[in-house]
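The file query-v8.cif contains mmCIF, C-alpha atoms:
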```
data_my_file
#
loop_
_atom_site.group_PDB
_atom_site.id
_atom_site.type_symbol
_atom_site.label_atom_id
_atom_site.label_comp_id
_atom_site.auth_asym_id
_atom_site.auth_seq_id
_atom_site.Cartn_x
_atom_site.Cartn_y
_atom_site.Cartn_z
ATOM 1 C CA GLU A 15 91.806 104.801 82.343
ATOM 2 C CA ILE A 16 95.298 103.490 83.127
ATOM 3 C CA ALA A 17 94.383 99.936 84.101
ATOM 4 C CA PRO A 18 93.879 98.572 80.563
ATOM 5 C CA THR A 19 97.476 99.458 79.682
ATOM 6 C CA LEU A 20 99.000 97.914 82.789
ATOM 7 C CA LYS A 21 99.402 94.181 83.176
ATOM 8 C CA ILE A 22 100.409 91.869 85.996
ATOM 9 C CA LYS A 23 103.275 89.567 85.066
ATOM 10 C CA ARG A 24 102.155 86.166 83.792
ATOM 11 C CA ASN A 25 104.250 84.306 86.354
ATOM 12 C CA LEU A 26 102.427 86.118 89.192
ATOM 13 C CA ILE A 27 99.040 85.310 87.651
ATOM 14 C CA SER A 28 100.159 81.672 87.388
ATOM 15 C CA LYS A 29 101.148 81.654 91.062
ATOM 16 C CA ALA A 30 97.787 83.184 92.001
ATOM 17 C CA LYS A 31 95.937 80.539 89.983
ATOM 18 C CA SER A 32 98.047 77.817 91.636
ATOM 19 C CA TRP A 33 97.161 79.195 95.071
ATOM 20 C CA PHE A 34 93.445 78.964 94.220
ATOM 21 C CA LYS A 35 93.966 75.423 92.944
ATOM 22 C CA GLN A 36 95.778 74.441 96.180
ATOM 23 C CA LYS A 37 92.798 75.791 98.116
ATOM 24 C CA GLY A 38 90.402 73.757 95.971
ATOM 25 C CA ILE A 39 88.763 76.825 94.421
ATOM 26 C CA ASN A 40 87.879 77.177 90.739
ATOM 27 C CA PHE A 41 88.166 80.955 90.406
ATOM 28 C CA LYS A 42 86.399 80.856 87.021
ATOM 29 C CA LYS A 43 83.269 79.182 88.419
ATOM 30 C CA LYS A 44 83.072 80.619 91.956
ATOM 31 C CA LYS A 45 82.156 84.195 92.845
ATOM 32 C CA ILE A 46 85.362 85.239 94.592
ATOM 33 C CA ILE A 47 85.495 88.527 96.465
ATOM 34 C CA PHE A 48 88.731 89.937 97.792
ATOM 35 C CA VAL A 49 88.756 91.686 101.148
ATOM 36 C CA HIS A 50 91.845 93.819 101.533
ATOM 37 C CA ILE A 51 92.556 94.786 105.152
ATOM 38 C CA ARG A 52 95.199 97.474 105.559
ATOM 39 C CA ARG A 53 96.352 98.129 109.109
ATOM 40 C CA ASN A 54 100.006 98.703 110.059
ATOM 41 C CA ASP A 55 100.766 102.296 109.050
ATOM 42 C CA TYR A 56 97.045 103.104 108.836
ATOM 43 C CA LEU A 57 96.734 102.773 112.610
ATOM 44 C CA ASN A 58 98.377 106.231 112.826
ATOM 45 C CA TRP A 59 97.788 107.768 109.392
ATOM 46 C CA PRO A 60 96.648 110.387 108.471
ATOM 47 C CA SER A 61 96.619 111.113 112.211
ATOM 48 C CA LYS A 62 96.579 109.197 115.502
ATOM 49 C CA GLU A 63 93.228 110.773 116.396
ATOM 50 C CA TYR A 64 91.562 109.874 113.094
ATOM 51 C CA PRO A 65 93.404 106.945 111.522
ATOM 52 C CA ALA A 66 92.450 105.563 108.099
ATOM 53 C CA VAL A 67 92.193 101.976 109.361
ATOM 54 C CA SER A 68 88.689 100.515 109.085
ATOM 55 C CA ASN A 69 87.417 98.539 112.044
ATOM 56 C CA LEU A 70 86.352 94.906 112.018
ATOM 57 C CA ASN A 71 82.645 95.767 112.120
ATOM 58 C CA TRP A 72 82.987 97.777 108.895
ATOM 59 C CA PHE A 73 84.481 94.757 107.092
ATOM 60 C CA LYS A 74 81.792 92.443 108.469
ATOM 61 C CA LYS A 75 79.077 94.873 107.347
ATOM 62 C CA ALA A 76 80.591 95.032 103.850
ATOM 63 C CA MET A 77 80.800 91.234 103.694
ATOM 64 C CA SER A 78 77.126 90.982 104.730
ATOM 65 C CA LEU A 79 76.168 93.363 101.933
ATOM 66 C CA VAL A 80 78.052 91.208 99.429
ATOM 67 C CA LYS A 81 76.265 88.077 100.703
ATOM 68 C CA LYS A 82 72.906 89.770 100.027
ATOM 69 C CA ARG A 83 73.961 90.549 96.461
ATOM 70 C CA ILE A 84 76.015 87.479 95.518
ATOM 71 C CA ASN A 85 74.872 83.930 96.181
ATOM 72 C CA ASN A 86 77.458 81.786 98.010
ATOM 73 C CA PRO A 87 80.504 84.057 97.662
ATOM 74 C CA VAL A 88 84.022 82.974 98.534
ATOM 75 C CA PHE A 89 85.945 85.681 100.388
ATOM 76 C CA VAL A 90 89.720 85.941 100.077
ATOM 77 C CA LEU A 91 91.206 88.016 102.885
ATOM 78 C CA LEU A 92 94.507 89.736 102.181
ATOM 79 C CA GLY A 93 96.409 92.388 104.055
ATOM 80 C CA ASP A 94 99.509 93.701 105.722
ATOM 81 C CA ASP A 95 98.770 92.275 109.183
ATOM 82 C CA GLN A 96 98.421 88.497 108.912
ATOM 83 C CA HIS A 97 98.328 88.021 112.696
ATOM 84 C CA TYR A 98 95.308 90.306 112.994
ATOM 85 C CA ILE A 99 93.468 88.685 110.087
ATOM 86 C CA LYS A 100 94.071 85.184 111.453
ATOM 87 C CA ASP A 101 93.039 86.306 114.960
ATOM 88 C CA VAL A 102 89.664 87.750 113.919
ATOM 89 C CA PHE A 103 88.674 85.463 111.032
ATOM 90 C CA ASN A 104 88.548 81.689 110.785
ATOM 91 C CA GLU A 105 89.485 80.161 107.474
ATOM 92 C CA SER A 106 86.729 77.990 105.976
ATOM 93 C CA ARG A 107 85.494 76.724 102.630
ATOM 94 C CA ASN A 108 84.031 80.183 101.882
ATOM 95 C CA LEU A 109 86.666 82.307 103.599
ATOM 96 C CA LEU A 110 90.314 81.995 102.615
ATOM 97 C CA ILE A 111 93.251 83.873 104.107
ATOM 98 C CA SER A 112 96.140 84.646 101.801
ATOM 99 C CA ASP A 113 99.642 84.387 103.204
ATOM 100 C CA ASN A 114 101.273 85.276 99.893
ATOM 101 C CA SER A 115 103.596 88.120 98.938
ATOM 102 C CA GLU A 116 102.094 91.483 97.996
ATOM 103 C CA GLU A 117 102.754 90.800 94.313
ATOM 104 C CA ILE A 118 100.820 87.526 94.372
ATOM 105 C CA ASP A 119 98.071 89.130 96.470
ATOM 106 C CA LEU A 120 97.639 91.764 93.751
ATOM 107 C CA ALA A 121 97.411 88.977 91.154
ATOM 108 C CA ILE A 122 94.834 87.178 93.333
ATOM 109 C CA MET A 123 92.805 90.374 93.602
ATOM 110 C CA SER A 124 92.888 90.773 89.814
ATOM 111 C CA LEU A 125 91.247 87.334 89.396
ATOM 112 C CA CYS A 126 88.330 88.166 91.724
ATOM 113 C CA CYS A 127 84.877 89.175 90.526
ATOM 114 C CA SER A 128 84.420 91.852 93.213
ATOM 115 C CA GLY A 129 86.175 93.375 96.200
ATOM 116 C CA ILE A 130 85.978 95.058 99.570
ATOM 117 C CA LEU A 131 88.611 97.751 99.756
ATOM 118 C CA SER A 132 90.543 99.415 102.509
ATOM 119 C CA ALA A 133 91.165 103.078 101.798
ATOM 120 C CA SER A 134 94.487 102.277 100.171
ATOM 121 C CA SER A 135 96.080 102.583 96.760
ATOM 122 C CA PHE A 136 96.881 98.847 96.869
ATOM 123 C CA SER A 137 93.190 97.969 97.298
ATOM 124 C CA PHE A 138 92.280 100.436 94.595
ATOM 125 C CA SER A 139 94.854 98.923 92.218
ATOM 126 C CA GLY A 140 93.511 95.424 92.853
ATOM 127 C CA ALA A 141 89.998 96.666 92.085
ATOM 128 C CA LEU A 142 91.178 98.334 88.882
ATOM 129 C CA PHE A 143 92.776 95.113 87.672
ATOM 130 C CA ALA A 144 89.694 93.058 88.577
ATOM 131 C CA ARG A 145 87.444 95.618 86.950
ATOM 132 C CA THR A 146 89.218 95.376 83.585
ATOM 133 C CA LYS A 147 87.969 91.795 83.295
ATOM 134 C CA LYS A 148 84.290 92.668 83.756
ATOM 135 C CA LYS A 149 82.765 96.127 84.149
ATOM 136 C CA SER A 150 79.816 94.838 86.203
ATOM 137 C CA ASN A 151 81.987 93.942 89.190
ATOM 138 C CA HIS A 152 80.880 95.226 92.579
ATOM 139 C CA PHE A 153 83.323 97.067 94.831
ATOM 140 C CA ILE A 154 82.782 98.458 98.332
ATOM 141 C CA ALA A 155 85.018 100.999 100.081
ATOM 142 C CA PRO A 156 84.807 103.235 103.148
ATOM 143 C CA LYS A 157 82.725 106.354 102.615
ATOM 144 C CA TYR A 158 85.062 109.363 102.651
ATOM 145 C CA TRP A 159 87.963 106.984 101.792
ATOM 146 C CA ALA A 160 90.829 107.649 104.260
ATOM 147 C CA GLY A 161 88.829 110.399 105.980
ATOM 148 C CA HIS A 162 85.975 108.147 107.088
ATOM 149 C CA LYS A 163 86.522 108.782 110.802
ATOM 150 C CA LEU A 164 86.200 112.564 110.254
ATOM 151 C CA LYS A 165 83.448 112.140 107.657
ATOM 152 C CA LYS A 166 85.456 114.259 105.208
ATOM 153 C CA TRP A 167 86.859 113.000 101.933
ATOM 154 C CA HIS A 168 90.595 112.325 102.071
ATOM 155 C CA PRO A 169 92.028 112.761 99.548
ATOM 156 C CA LYS A 170 89.463 115.324 98.609
ATOM 157 C CA ASN A 171 86.795 113.970 96.268
ATOM 158 C CA PHE A 172 88.464 110.571 95.798
ATOM 159 C CA LYS A 173 85.255 109.125 94.376
ATOM 160 C CA PHE A 174 84.545 106.761 91.510
ATOM 161 C CA ASP A 175 81.115 105.830 90.228
ATOM 162 C CA TRP A 176 82.015 102.118 90.070
ATOM 163 C CA ILE A 177 82.724 101.936 93.829
ATOM 164 C CA ASN A 178 79.942 101.693 96.411
ATOM 165 C CA TYR A 179 81.014 103.753 99.436
ATOM 166 C CA ILE A 180 79.522 102.786 102.783
ATOM 167 C CA GLU A 181 79.865 104.065 106.359
#
```
As structure tokens - that is how I would like this structure written.
Amino acid sequence: EIAPTLKIKRNLISKAKSWFKQKGINFKKKKIIFVHIRRNDYLNWPSKEYPAVSNLNWFKKAMSLVKKRINNPVFVLLGDDQHYIKDVFNESRNLLISDNSEEIDLAIMSLCCSGILSASSFSFSGALFARTKKKSNHFIAPKYWAGHKLKKWHPKNFKFDWINYIE
């Protein structure tokens, strides 16, 4: 219950809104879903054998599930490895790639109606901020969170009833 007391600075929200406007997207009228892809340190954490990074197929599966639930969604891809994101996804009218700072990315996430999360506190924070706007938002995250490759919850029992966890 901490999200209602925290706020993102107004200037960051303004920059996020300007970014949407530059992309020709009315975030109030469109169903915008953030997709946060965390890679860099997650390629070796919590271990090299069982890293927390989710593979491309997992993100595509999650995006397909969203498309079944939400008519004509606009996906906003954000993450810590822009080269990877730009290599595996092509920007289009319904798929935008953010090249903003982390602070603006968090503000962008807060303006979205739903999200696809990496097993990261940054993704989780973005979902919390988005969720404060409307409790019926839909969020998808890896089952077992950072322990999805071992099929064991990491951190233990990091589960929330408002997140849909998928393998």
Lys147 in chain A environment, 9 Å, all atoms listed in the file, sequence neighbours closer than 4 positions dropped, as number ranges by chain
A: 124-125, 127, 143, 151
At a cut-off of 6 Å, using only C-alpha atoms, what residues contact range 34-50 of chain A? Leave out same-chain residues fewer than 6 positions from it and give the result as a PDB file with C-alpha atoms, in the frame of the given file.
```pdb
ATOM      1  CA  PRO A  87      80.504  84.057  97.662  1.00  0.00           C
ATOM      2  CA  VAL A  88      84.022  82.974  98.534  1.00  0.00           C
ATOM      3  CA  PHE A  89      85.945  85.681 100.388  1.00  0.00           C
ATOM      4  CA  VAL A  90      89.720  85.941 100.077  1.00  0.00           C
ATOM      5  CA  LEU A  91      91.206  88.016 102.885  1.00  0.00           C
ATOM      6  CA  LEU A  92      94.507  89.736 102.181  1.00  0.00           C
ATOM      7  CA  GLY A  93      96.409  92.388 104.055  1.00  0.00           C
ATOM      8  CA  MET A 123      92.805  90.374  93.602  1.00  0.00           C
ATOM      9  CA  CYS A 126      88.330  88.166  91.724  1.00  0.00           C
ATOM     10  CA  CYS A 127      84.877  89.175  90.526  1.00  0.00           C
ATOM     11  CA  SER A 128      84.420  91.852  93.213  1.00  0.00           C
ATOM     12  CA  GLY A 129      86.175  93.375  96.200  1.00  0.00           C
ATOM     13  CA  ILE A 130      85.978  95.058  99.570  1.00  0.00           C
ATOM     14  CA  LEU A 131      88.611  97.751  99.756  1.00  0.00           C
ATOM     15  CA  SER A 132      90.543  99.415 102.509  1.00  0.00           C
TER      16      SER A 132
END
```
Please report as a tab-separated table every residue of range 113-165 of chain A lying within 8 Å of range 55-69 of chain A, along with the nearest atom pair and their distance in Å (one decimal), using all atoms listed in the file.
```
residue	atom	partner	partner_atom	distance
A:Ser132	CA	A:Ser68	CA	6.9
A:Ala133	CA	A:Ala66	CA	6.9
A:Pro156	CA	A:Ser68	CA	7.6
A:Trp159	CA	A:Ala66	CA	7.9
A:Ala160	CA	A:Ala66	CA	4.7
A:Gly161	CA	A:Ala66	CA	6.4
A:His162	CA	A:Ala66	CA	7.0
A:Lys163	CA	A:Tyr64	CA	5.6
A:Leu164	CA	A:Tyr64	CA	6.6
```
For the structure shown, which residues end up in the PyMOL selection byres ((chain A and resi 176) around 8)? Put them as a PyMOL selection string, please?
chain A and resi 152-153+174-175+177-178
Taking the file as shown, find all residues satisfying the PyMOL selection byres ((chain A and resi 22) around 12) and write them as a PyMOL selection string.
chain A and resi 17-21+23-30+117-125+139-140+142-144+146
Please determine the residues with any atom at most 12 Å from (94.6, 87.2, 112.5) (coordinates as given in the file, with only C-alpha atoms counting) and report them as a list in words.
Ile51, Arg53, Leu70, Leu91, Leu92, Gly93, Asp94, Asp95, Gln96, His97, Tyr98, Ile99, Lys100, Asp101, Val102, Phe103, Asn104, Glu105, Leu110, Ile111, Ser112 and Asp113 of chain A
Could you please determine the separation between CA of Ile84 in chain A and CA of Phe172 in chain A in Å, to one decimal place?
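Computed distance, CA of Ile84 in chain A to CA of Phe172 in chain A, equals 26.2 Å.
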Should you be able to, write range 58-93 of chain A of this structure into a file that contains N, CA, C and O atoms, as a PDB file, in the first residue's frame.
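Printed below is out06.pdb as written:
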```pdb
ATOM      1  N   ASN A  58      23.138 -12.661 -15.722  1.00  0.00           N
ATOM      2  CA  ASN A  58      23.957 -13.463 -14.805  1.00  0.00           C
ATOM      3  C   ASN A  58      23.417 -13.515 -13.381  1.00  0.00           C
ATOM      4  O   ASN A  58      24.072 -14.049 -12.498  1.00  0.00           O
ATOM      5  N   TRP A  59      22.268 -12.926 -13.141  1.00  0.00           N
ATOM      6  CA  TRP A  59      21.706 -12.888 -11.789  1.00  0.00           C
ATOM      7  C   TRP A  59      20.383 -13.629 -11.747  1.00  0.00           C
ATOM      8  O   TRP A  59      19.617 -13.517 -12.695  1.00  0.00           O
ATOM      9  N   PRO A  60      20.045 -14.390 -10.769  1.00  0.00           N
ATOM     10  CA  PRO A  60      20.781 -14.646  -9.539  1.00  0.00           C
ATOM     11  C   PRO A  60      21.945 -15.624  -9.699  1.00  0.00           C
ATOM     12  O   PRO A  60      22.784 -15.751  -8.830  1.00  0.00           O
ATOM     13  N   SER A  61      22.016 -16.287 -10.869  1.00  0.00           N
ATOM     14  CA  SER A  61      23.188 -17.120 -11.152  1.00  0.00           C
ATOM     15  C   SER A  61      23.350 -17.222 -12.668  1.00  0.00           C
ATOM     16  O   SER A  61      22.403 -16.990 -13.426  1.00  0.00           O
ATOM     17  N   LYS A  62      24.562 -17.590 -13.107  1.00  0.00           N
ATOM     18  CA  LYS A  62      24.795 -17.757 -14.545  1.00  0.00           C
ATOM     19  C   LYS A  62      23.991 -18.929 -15.102  1.00  0.00           C
ATOM     20  O   LYS A  62      23.553 -18.910 -16.240  1.00  0.00           O
ATOM     21  N   GLU A  63      23.813 -19.970 -14.288  1.00  0.00           N
ATOM     22  CA  GLU A  63      23.080 -21.153 -14.737  1.00  0.00           C
ATOM     23  C   GLU A  63      21.583 -20.895 -14.872  1.00  0.00           C
ATOM     24  O   GLU A  63      20.926 -21.459 -15.742  1.00  0.00           O
ATOM     25  N   TYR A  64      21.045 -20.070 -13.972  1.00  0.00           N
ATOM     26  CA  TYR A  64      19.607 -19.801 -13.960  1.00  0.00           C
ATOM     27  C   TYR A  64      19.348 -18.298 -13.825  1.00  0.00           C
ATOM     28  O   TYR A  64      18.856 -17.827 -12.813  1.00  0.00           O
ATOM     29  N   PRO A  65      19.650 -17.561 -14.893  1.00  0.00           N
ATOM     30  CA  PRO A  65      19.486 -16.101 -14.819  1.00  0.00           C
ATOM     31  C   PRO A  65      18.010 -15.684 -14.803  1.00  0.00           C
ATOM     32  O   PRO A  65      17.139 -16.416 -15.271  1.00  0.00           O
ATOM     33  N   ALA A  66      17.757 -14.494 -14.278  1.00  0.00           N
ATOM     34  CA  ALA A  66      16.392 -13.974 -14.156  1.00  0.00           C
ATOM     35  C   ALA A  66      15.860 -13.377 -15.458  1.00  0.00           C
ATOM     36  O   ALA A  66      14.677 -13.061 -15.544  1.00  0.00           O
ATOM     37  N   VAL A  67      16.700 -13.225 -16.457  1.00  0.00           N
ATOM     38  CA  VAL A  67      16.265 -12.632 -17.720  1.00  0.00           C
ATOM     39  C   VAL A  67      15.215 -13.532 -18.392  1.00  0.00           C
ATOM     40  O   VAL A  67      15.359 -14.751 -18.412  1.00  0.00           O
ATOM     41  N   SER A  68      14.152 -12.903 -18.875  1.00  0.00           N
ATOM     42  CA  SER A  68      13.125 -13.645 -19.616  1.00  0.00           C
ATOM     43  C   SER A  68      13.490 -13.631 -21.093  1.00  0.00           C
ATOM     44  O   SER A  68      13.997 -12.628 -21.603  1.00  0.00           O
ATOM     45  N   ASN A  69      13.199 -14.728 -21.770  1.00  0.00           N
ATOM     46  CA  ASN A  69      13.572 -14.786 -23.190  1.00  0.00           C
ATOM     47  C   ASN A  69      12.518 -14.117 -24.071  1.00  0.00           C
ATOM     48  O   ASN A  69      11.407 -13.808 -23.642  1.00  0.00           O
ATOM     49  N   LEU A  70      12.880 -13.886 -25.299  1.00  0.00           N
ATOM     50  CA  LEU A  70      12.030 -13.192 -26.259  1.00  0.00           C
ATOM     51  C   LEU A  70      10.677 -13.885 -26.426  1.00  0.00           C
ATOM     52  O   LEU A  70       9.640 -13.228 -26.505  1.00  0.00           O
ATOM     53  N   ASN A  71      10.672 -15.207 -26.464  1.00  0.00           N
ATOM     54  CA  ASN A  71       9.418 -15.936 -26.637  1.00  0.00           C
ATOM     55  C   ASN A  71       8.448 -15.682 -25.494  1.00  0.00           C
ATOM     56  O   ASN A  71       7.236 -15.644 -25.706  1.00  0.00           O
ATOM     57  N   TRP A  72       8.975 -15.509 -24.268  1.00  0.00           N
ATOM     58  CA  TRP A  72       8.101 -15.215 -23.130  1.00  0.00           C
ATOM     59  C   TRP A  72       7.396 -13.870 -23.349  1.00  0.00           C
ATOM     60  O   TRP A  72       6.190 -13.750 -23.141  1.00  0.00           O
ATOM     61  N   PHE A  73       8.153 -12.858 -23.779  1.00  0.00           N
ATOM     62  CA  PHE A  73       7.554 -11.539 -24.017  1.00  0.00           C
ATOM     63  C   PHE A  73       6.523 -11.600 -25.148  1.00  0.00           C
ATOM     64  O   PHE A  73       5.448 -11.005 -25.052  1.00  0.00           O
ATOM     65  N   LYS A  74       6.825 -12.328 -26.203  1.00  0.00           N
ATOM     66  CA  LYS A  74       5.882 -12.451 -27.312  1.00  0.00           C
ATOM     67  C   LYS A  74       4.603 -13.167 -26.873  1.00  0.00           C
ATOM     68  O   LYS A  74       3.501 -12.799 -27.279  1.00  0.00           O
ATOM     69  N   LYS A  75       4.754 -14.189 -26.037  1.00  0.00           N
ATOM     70  CA  LYS A  75       3.590 -14.906 -25.509  1.00  0.00           C
ATOM     71  C   LYS A  75       2.732 -13.948 -24.668  1.00  0.00           C
ATOM     72  O   LYS A  75       1.507 -13.920 -24.812  1.00  0.00           O
ATOM     73  N   ALA A  76       3.374 -13.177 -23.812  1.00  0.00           N
ATOM     74  CA  ALA A  76       2.642 -12.232 -22.960  1.00  0.00           C
ATOM     75  C   ALA A  76       1.922 -11.180 -23.817  1.00  0.00           C
ATOM     76  O   ALA A  76       0.761 -10.833 -23.547  1.00  0.00           O
ATOM     77  N   MET A  77       2.587 -10.712 -24.853  1.00  0.00           N
ATOM     78  CA  MET A  77       1.965  -9.723 -25.742  1.00  0.00           C
ATOM     79  C   MET A  77       0.765 -10.331 -26.473  1.00  0.00           C
ATOM     80  O   MET A  77      -0.256  -9.671 -26.658  1.00  0.00           O
ATOM     81  N   SER A  78       0.862 -11.584 -26.864  1.00  0.00           N
ATOM     82  CA  SER A  78      -0.267 -12.277 -27.511  1.00  0.00           C
ATOM     83  C   SER A  78      -1.454 -12.396 -26.559  1.00  0.00           C
ATOM     84  O   SER A  78      -2.605 -12.222 -26.966  1.00  0.00           O
ATOM     85  N   LEU A  79      -1.171 -12.684 -25.299  1.00  0.00           N
ATOM     86  CA  LEU A  79      -2.248 -12.772 -24.310  1.00  0.00           C
ATOM     87  C   LEU A  79      -2.940 -11.419 -24.143  1.00  0.00           C
ATOM     88  O   LEU A  79      -4.167 -11.350 -24.030  1.00  0.00           O
ATOM     89  N   VAL A  80      -2.172 -10.358 -24.132  1.00  0.00           N
ATOM     90  CA  VAL A  80      -2.755  -9.014 -24.022  1.00  0.00           C
ATOM     91  C   VAL A  80      -3.635  -8.733 -25.232  1.00  0.00           C
ATOM     92  O   VAL A  80      -4.744  -8.207 -25.097  1.00  0.00           O
ATOM     93  N   LYS A  81      -3.177  -9.100 -26.426  1.00  0.00           N
ATOM     94  CA  LYS A  81      -3.958  -8.847 -27.648  1.00  0.00           C
ATOM     95  C   LYS A  81      -5.292  -9.590 -27.626  1.00  0.00           C
ATOM     96  O   LYS A  81      -6.269  -9.131 -28.213  1.00  0.00           O
ATOM     97  N   LYS A  82      -5.357 -10.734 -26.949  1.00  0.00           N
ATOM     98  CA  LYS A  82      -6.615 -11.473 -26.841  1.00  0.00           C
ATOM     99  C   LYS A  82      -7.576 -10.774 -25.882  1.00  0.00           C
ATOM    100  O   LYS A  82      -8.788 -10.907 -26.004  1.00  0.00           O
ATOM    101  N   ARG A  83      -7.021 -10.046 -24.938  1.00  0.00           N
ATOM    102  CA  ARG A  83      -7.835  -9.405 -23.896  1.00  0.00           C
ATOM    103  C   ARG A  83      -8.178  -7.947 -24.209  1.00  0.00           C
ATOM    104  O   ARG A  83      -9.228  -7.451 -23.824  1.00  0.00           O
ATOM    105  N   ILE A  84      -7.270  -7.260 -24.895  1.00  0.00           N
ATOM    106  CA  ILE A  84      -7.437  -5.835 -25.172  1.00  0.00           C
ATOM    107  C   ILE A  84      -7.440  -5.624 -26.683  1.00  0.00           C
ATOM    108  O   ILE A  84      -6.508  -6.027 -27.372  1.00  0.00           O
ATOM    109  N   ASN A  85      -8.466  -4.976 -27.175  1.00  0.00           N
ATOM    110  CA  ASN A  85      -8.601  -4.709 -28.596  1.00  0.00           C
ATOM    111  C   ASN A  85      -7.648  -3.591 -29.022  1.00  0.00           C
ATOM    112  O   ASN A  85      -7.661  -2.513 -28.449  1.00  0.00           O
ATOM    113  N   ASN A  86      -6.820  -3.871 -30.023  1.00  0.00           N
ATOM    114  CA  ASN A  86      -5.920  -2.884 -30.621  1.00  0.00           C
ATOM    115  C   ASN A  86      -5.006  -2.178 -29.613  1.00  0.00           C
ATOM    116  O   ASN A  86      -4.982  -0.944 -29.553  1.00  0.00           O
ATOM    117  N   PRO A  87      -4.245  -2.939 -28.837  1.00  0.00           N
ATOM    118  CA  PRO A  87      -3.353  -2.293 -27.860  1.00  0.00           C
ATOM    119  C   PRO A  87      -2.157  -1.632 -28.542  1.00  0.00           C
ATOM    120  O   PRO A  87      -1.771  -2.000 -29.649  1.00  0.00           O
ATOM    121  N   VAL A  88      -1.597  -0.659 -27.850  1.00  0.00           N
ATOM    122  CA  VAL A  88      -0.333  -0.050 -28.267  1.00  0.00           C
ATOM    123  C   VAL A  88       0.690  -0.465 -27.215  1.00  0.00           C
ATOM    124  O   VAL A  88       0.509  -0.202 -26.023  1.00  0.00           O
ATOM    125  N   PHE A  89       1.750  -1.131 -27.663  1.00  0.00           N
ATOM    126  CA  PHE A  89       2.804  -1.566 -26.743  1.00  0.00           C
ATOM    127  C   PHE A  89       3.929  -0.535 -26.732  1.00  0.00           C
ATOM    128  O   PHE A  89       4.344  -0.060 -27.779  1.00  0.00           O
ATOM    129  N   VAL A  90       4.396  -0.215 -25.531  1.00  0.00           N
ATOM    130  CA  VAL A  90       5.559   0.651 -25.361  1.00  0.00           C
ATOM    131  C   VAL A  90       6.648  -0.207 -24.730  1.00  0.00           C
ATOM    132  O   VAL A  90       6.507  -0.675 -23.601  1.00  0.00           O
ATOM    133  N   LEU A  91       7.719  -0.448 -25.488  1.00  0.00           N
ATOM    134  CA  LEU A  91       8.820  -1.253 -24.993  1.00  0.00           C
ATOM    135  C   LEU A  91       9.860  -0.355 -24.344  1.00  0.00           C
ATOM    136  O   LEU A  91      10.279   0.650 -24.931  1.00  0.00           O
ATOM    137  N   LEU A  92      10.259  -0.733 -23.135  1.00  0.00           N
ATOM    138  CA  LEU A  92      11.258   0.013 -22.384  1.00  0.00           C
ATOM    139  C   LEU A  92      12.233  -0.991 -21.801  1.00  0.00           C
ATOM    140  O   LEU A  92      11.876  -2.139 -21.561  1.00  0.00           O
ATOM    141  N   GLY A  93      13.438  -0.569 -21.534  1.00  0.00           N
ATOM    142  CA  GLY A  93      14.380  -1.493 -20.921  1.00  0.00           C
ATOM    143  C   GLY A  93      15.777  -0.940 -20.825  1.00  0.00           C
ATOM    144  O   GLY A  93      16.053   0.195 -21.220  1.00  0.00           O
TER     145      GLY A  93
END
```
